[in-house]
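Student: A single structure is presented below for examination.
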Amino acid sequence: MLKKTLKAAGIGFLIGAVIGNLIAILTGNSDTGGVTFASQKLLDMAGGNSTVAMLLQSLFSGLYGAVCFAGMSFYEIERMPLAAATALHCALIVLLFIPIALLLGWVSDIGTLLIISGMQLIGFFIIWLIMYFGYKKQIRELNEMQKGFNNKDK
């Protein structure tokens with residue numbers, strides 16, 4: 001399981017770095033009309049060096065992606081209930097999002113941060129509901145199949 005988790009983390013790191021930089025490119029326009037590769041806050045933190053800012057953007061976006069993907073391993077633990085796995089994965093993602101979003105300048109104020117965090121919580125709840133009802137339907141179908149199989153033996 002560790003090997004699978006590390007592989008997922010590696011893939012998540014790459015995807016997170018690409019998506020983080022893509023979002024920064026698509027949403028960030030400098031005052032000169034050119035494209036920026038990081039938020040102004042991150043550029044200021046990097047002393048105006050856009051290369052350092054982009055490396056920090058890649059590193060922390062990648063870290064966020066790695067944790068998101070590696071956290072899916074919670075669902076593989078057979079003894080862990082679905083609700084617990086979902087809650088742990090959600091907590092991990094939301095609690096890591098907050099410092100990374102503030103550090104990289106993805107959000108400009110606490111209100112926006114709370115809205116995005118709330119949207120993540122709602123998204124996880126919807127995912128949990130979908131999985132819960134899907135598993136419940138599968139269990140019902142399996143129980144019906146077992147009853148039919150047991151009735152054939154009589």
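Every chain in the structure tokens has a letter given in the order shown (A, B, ...), and although residue numbers restart at 1 in each chain, ligands are simply numbered from 1 in the order shown.
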Using only C-alpha atoms, tabulate the residues of region 92-130 of chain A lying at most 9 Å from any atom of region 67-72 of chain A, each with its closest atom pair and that distance in Å to one decimal, by chain and increasing residue number, as CSV.
Tutor:
residue,atom,partner,partner_atom,distance
A:Leu92,CA,A:Gly71,CA,7.5
A:Ile93,CA,A:Cys68,CA,6.0
A:Leu96,CA,A:Val67,CA,8.4
Student: For region 123-126 of chain A, find every residue with an atom within 12 Å (counting only C-alpha atoms), except residues of its own chain fewer than 3 positions away, and show them as an mmCIF file with all heavy atoms, in the first residue's frame.
Tutor:
data_model
loop_
_atom_site.group_PDB
_atom_site.id
_atom_site.type_symbol
_atom_site.label_atom_id
_atom_site.label_comp_id
_atom_site.auth_asym_id
_atom_site.auth_seq_id
_atom_site.Cartn_x
_atom_site.Cartn_y
_atom_site.Cartn_z
ATOM 1 N N LEU A 82 -16.309 4.387 5.566
ATOM 2 C CA LEU A 82 -16.306 5.363 4.483
ATOM 3 C C LEU A 82 -16.384 6.791 5.018
ATOM 4 O O LEU A 82 -15.671 7.675 4.545
ATOM 5 C CB LEU A 82 -17.473 5.083 3.526
ATOM 6 C CG LEU A 82 -17.665 6.078 2.386
ATOM 7 C CD1 LEU A 82 -16.448 6.097 1.469
ATOM 8 C CD2 LEU A 82 -18.917 5.729 1.602
ATOM 9 N N ALA A 83 -17.224 7.015 6.016
ATOM 10 C CA ALA A 83 -17.369 8.370 6.571
ATOM 11 C C ALA A 83 -16.056 8.847 7.185
ATOM 12 O O ALA A 83 -15.673 10.013 7.025
ATOM 13 C CB ALA A 83 -18.480 8.397 7.616
ATOM 14 N N ALA A 84 -15.343 7.960 7.878
ATOM 15 C CA ALA A 84 -14.070 8.338 8.496
ATOM 16 C C ALA A 84 -13.013 8.624 7.436
ATOM 17 O O ALA A 84 -12.259 9.599 7.546
ATOM 18 C CB ALA A 84 -13.587 7.228 9.435
ATOM 19 N N ALA A 85 -12.946 7.794 6.404
ATOM 20 C CA ALA A 85 -11.976 8.010 5.327
ATOM 21 C C ALA A 85 -12.255 9.336 4.622
ATOM 22 O O ALA A 85 -11.327 10.107 4.343
ATOM 23 C CB ALA A 85 -12.025 6.855 4.334
ATOM 24 N N THR A 86 -13.521 9.616 4.354
ATOM 25 C CA THR A 86 -13.892 10.868 3.696
ATOM 26 C C THR A 86 -13.568 12.059 4.583
ATOM 27 O O THR A 86 -13.025 13.061 4.116
ATOM 28 C CB THR A 86 -15.389 10.860 3.329
ATOM 29 O OG1 THR A 86 -15.676 9.691 2.563
ATOM 30 C CG2 THR A 86 -15.770 12.086 2.535
ATOM 31 N N ALA A 87 -13.881 11.957 5.876
ATOM 32 C CA ALA A 87 -13.610 13.061 6.802
ATOM 33 C C ALA A 87 -12.105 13.322 6.927
ATOM 34 O O ALA A 87 -11.674 14.483 6.920
ATOM 35 C CB ALA A 87 -14.207 12.757 8.172
ATOM 36 N N LEU A 88 -11.306 12.263 7.028
ATOM 37 C CA LEU A 88 -9.851 12.449 7.114
ATOM 38 C C LEU A 88 -9.283 13.057 5.846
ATOM 39 O O LEU A 88 -8.455 13.973 5.899
ATOM 40 C CB LEU A 88 -9.165 11.111 7.403
ATOM 41 C CG LEU A 88 -9.147 10.665 8.844
ATOM 42 C CD1 LEU A 88 -8.614 9.234 8.952
ATOM 43 C CD2 LEU A 88 -8.292 11.597 9.679
ATOM 44 N N HIS A 89 -9.710 12.559 4.704
ATOM 45 C CA HIS A 89 -9.224 13.090 3.428
ATOM 46 C C HIS A 89 -9.627 14.558 3.285
ATOM 47 O O HIS A 89 -8.820 15.401 2.890
ATOM 48 C CB HIS A 89 -9.777 12.245 2.282
ATOM 49 C CG HIS A 89 -9.121 12.501 0.965
ATOM 50 N ND1 HIS A 89 -9.771 12.289 -0.218
ATOM 51 C CD2 HIS A 89 -7.876 12.931 0.634
ATOM 52 C CE1 HIS A 89 -8.966 12.594 -1.215
ATOM 53 N NE2 HIS A 89 -7.804 12.985 -0.723
ATOM 54 N N CYS A 90 -10.856 14.860 3.626
ATOM 55 C CA CYS A 90 -11.357 16.232 3.556
ATOM 56 C C CYS A 90 -10.575 17.149 4.489
ATOM 57 O O CYS A 90 -10.142 18.234 4.091
ATOM 58 C CB CYS A 90 -12.837 16.260 3.891
ATOM 59 S SG CYS A 90 -13.557 17.903 3.875
ATOM 60 N N ALA A 91 -10.395 16.733 5.732
ATOM 61 C CA ALA A 91 -9.671 17.548 6.699
ATOM 62 C C ALA A 91 -8.242 17.807 6.236
ATOM 63 O O ALA A 91 -7.738 18.939 6.325
ATOM 64 C CB ALA A 91 -9.675 16.863 8.066
ATOM 65 N N LEU A 92 -7.603 16.785 5.719
ATOM 66 C CA LEU A 92 -6.235 16.914 5.229
ATOM 67 C C LEU A 92 -6.160 17.954 4.113
ATOM 68 O O LEU A 92 -5.299 18.849 4.127
ATOM 69 C CB LEU A 92 -5.755 15.552 4.730
ATOM 70 C CG LEU A 92 -4.304 15.391 4.359
ATOM 71 C CD1 LEU A 92 -3.422 15.526 5.598
ATOM 72 C CD2 LEU A 92 -4.088 14.027 3.726
ATOM 73 N N ILE A 93 -7.070 17.864 3.171
ATOM 74 C CA ILE A 93 -7.049 18.772 2.027
ATOM 75 C C ILE A 93 -7.395 20.199 2.436
ATOM 76 O O ILE A 93 -6.714 21.149 2.055
ATOM 77 C CB ILE A 93 -7.994 18.261 0.923
ATOM 78 C CG1 ILE A 93 -7.369 17.022 0.271
ATOM 79 C CG2 ILE A 93 -8.279 19.327 -0.117
ATOM 80 C CD1 ILE A 93 -8.254 16.333 -0.734
ATOM 81 N N VAL A 94 -8.445 20.372 3.220
ATOM 82 C CA VAL A 94 -8.865 21.722 3.605
ATOM 83 C C VAL A 94 -7.834 22.372 4.526
ATOM 84 O O VAL A 94 -7.480 23.544 4.348
ATOM 85 C CB VAL A 94 -10.264 21.703 4.264
ATOM 86 C CG1 VAL A 94 -10.627 23.063 4.826
ATOM 87 C CG2 VAL A 94 -11.314 21.253 3.257
ATOM 88 N N ILE A 116 -14.050 29.378 -0.173
ATOM 89 C CA ILE A 116 -13.434 28.265 -0.900
ATOM 90 C C ILE A 116 -13.345 27.030 -0.008
ATOM 91 O O ILE A 116 -13.633 25.910 -0.449
ATOM 92 C CB ILE A 116 -12.052 28.659 -1.452
ATOM 93 C CG1 ILE A 116 -12.211 29.734 -2.524
ATOM 94 C CG2 ILE A 116 -11.325 27.449 -2.015
ATOM 95 C CD1 ILE A 116 -10.912 30.351 -2.990
ATOM 96 N N SER A 117 -12.976 27.211 1.246
ATOM 97 C CA SER A 117 -12.909 26.078 2.181
ATOM 98 C C SER A 117 -14.292 25.469 2.380
ATOM 99 O O SER A 117 -14.441 24.243 2.416
ATOM 100 C CB SER A 117 -12.329 26.524 3.523
ATOM 101 O OG SER A 117 -10.999 26.960 3.363
ATOM 102 N N GLY A 118 -15.302 26.313 2.488
ATOM 103 C CA GLY A 118 -16.676 25.825 2.612
ATOM 104 C C GLY A 118 -17.121 25.056 1.382
ATOM 105 O O GLY A 118 -17.800 24.026 1.492
ATOM 106 N N MET A 119 -16.718 25.528 0.210
ATOM 107 C CA MET A 119 -17.053 24.822 -1.025
ATOM 108 C C MET A 119 -16.377 23.451 -1.065
ATOM 109 O O MET A 119 -16.974 22.475 -1.524
ATOM 110 C CB MET A 119 -16.651 25.658 -2.243
ATOM 111 C CG MET A 119 -17.534 26.876 -2.443
ATOM 112 S SD MET A 119 -16.951 28.057 -3.679
ATOM 113 C CE MET A 119 -16.643 27.054 -5.090
ATOM 114 N N GLN A 120 -15.161 23.373 -0.557
ATOM 115 C CA GLN A 120 -14.482 22.078 -0.491
ATOM 116 C C GLN A 120 -15.231 21.128 0.445
ATOM 117 O O GLN A 120 -15.414 19.951 0.127
ATOM 118 C CB GLN A 120 -13.037 22.253 -0.011
ATOM 119 C CG GLN A 120 -12.135 22.897 -1.025
ATOM 120 C CD GLN A 120 -10.743 23.150 -0.479
ATOM 121 O OE1 GLN A 120 -10.546 23.353 0.727
ATOM 122 N NE2 GLN A 120 -9.767 23.156 -1.358
ATOM 123 N N LEU A 129 -22.021 11.413 0.010
ATOM 124 C CA LEU A 129 -23.408 10.981 -0.205
ATOM 125 C C LEU A 129 -23.534 10.081 -1.429
ATOM 126 O O LEU A 129 -24.211 9.049 -1.381
ATOM 127 C CB LEU A 129 -24.327 12.198 -0.389
ATOM 128 C CG LEU A 129 -24.828 12.883 0.864
ATOM 129 C CD1 LEU A 129 -25.660 14.113 0.501
ATOM 130 C CD2 LEU A 129 -25.626 11.944 1.737
ATOM 131 N N ILE A 130 -22.875 10.468 -2.509
ATOM 132 C CA ILE A 130 -22.925 9.661 -3.735
ATOM 133 C C ILE A 130 -22.341 8.275 -3.477
ATOM 134 O O ILE A 130 -22.928 7.256 -3.856
ATOM 135 C CB ILE A 130 -22.191 10.377 -4.885
ATOM 136 C CG1 ILE A 130 -22.981 11.620 -5.316
ATOM 137 C CG2 ILE A 130 -21.969 9.432 -6.070
ATOM 138 C CD1 ILE A 130 -22.215 12.558 -6.233
ATOM 139 N N MET A 131 -21.192 8.227 -2.821
ATOM 140 C CA MET A 131 -20.558 6.934 -2.532
ATOM 141 C C MET A 131 -21.423 6.117 -1.574
ATOM 142 O O MET A 131 -21.593 4.911 -1.752
ATOM 143 C CB MET A 131 -19.159 7.156 -1.950
ATOM 144 C CG MET A 131 -18.176 7.707 -2.976
ATOM 145 S SD MET A 131 -16.576 8.134 -2.271
ATOM 146 C CE MET A 131 -15.932 6.527 -1.882
ATOM 147 N N TYR A 132 -21.977 6.754 -0.564
ATOM 148 C CA TYR A 132 -22.805 6.062 0.423
ATOM 149 C C TYR A 132 -24.003 5.401 -0.241
ATOM 150 O O TYR A 132 -24.264 4.211 -0.053
ATOM 151 C CB TYR A 132 -23.265 7.044 1.507
ATOM 152 C CG TYR A 132 -24.233 6.454 2.488
ATOM 153 C CD1 TYR A 132 -23.783 5.635 3.522
ATOM 154 C CD2 TYR A 132 -25.600 6.702 2.374
ATOM 155 C CE1 TYR A 132 -24.681 5.074 4.423
ATOM 156 C CE2 TYR A 132 -26.503 6.146 3.270
ATOM 157 C CZ TYR A 132 -26.034 5.334 4.290
ATOM 158 O OH TYR A 132 -26.923 4.780 5.167
ATOM 159 N N PHE A 133 -24.743 6.165 -1.052
ATOM 160 C CA PHE A 133 -25.929 5.598 -1.683
ATOM 161 C C PHE A 133 -25.560 4.570 -2.752
ATOM 162 O O PHE A 133 -26.278 3.595 -2.952
ATOM 163 C CB PHE A 133 -26.834 6.699 -2.243
ATOM 164 C CG PHE A 133 -27.569 7.445 -1.165
ATOM 165 C CD1 PHE A 133 -27.344 8.796 -0.960
ATOM 166 C CD2 PHE A 133 -28.468 6.791 -0.343
ATOM 167 C CE1 PHE A 133 -28.006 9.477 0.047
ATOM 168 C CE2 PHE A 133 -29.140 7.465 0.670
ATOM 169 C CZ PHE A 133 -28.901 8.815 0.866
#
Student: List the neighbours of region 7-21 of chain A out to 8 Å using only C-alpha atoms; skip same-chain residues closer than 3 positions along the sequence, and give me the result as a list in words.
Tutor: Lys3, Lys4, Ala24, Ile25, Phe37, Ala38, Met54, Gln57, Ser58, Leu59, Phe60, Ser61, Gly62, Leu63, Tyr64, Gly65, Ala66, Val67, Cys68, Phe69 and Ala70 of chain A
Student: Run DSSP on the backbone and tell me which residues of chain A come out as helix (DSSP H, G or I); list them as a ChimeraX atom specification.
Tutor: /A:2-27,40-45,50-76,82-104,110-152
Student: I'd like to know which of A:Gly134, A:Leu113, A:Tyr75, A:Asn150 is closest to Ile100 (chain A), using only C-alpha atoms.
Tutor: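 Ranked by minimum distance to Ile100 (chain A), first place goes to A:Leu113.
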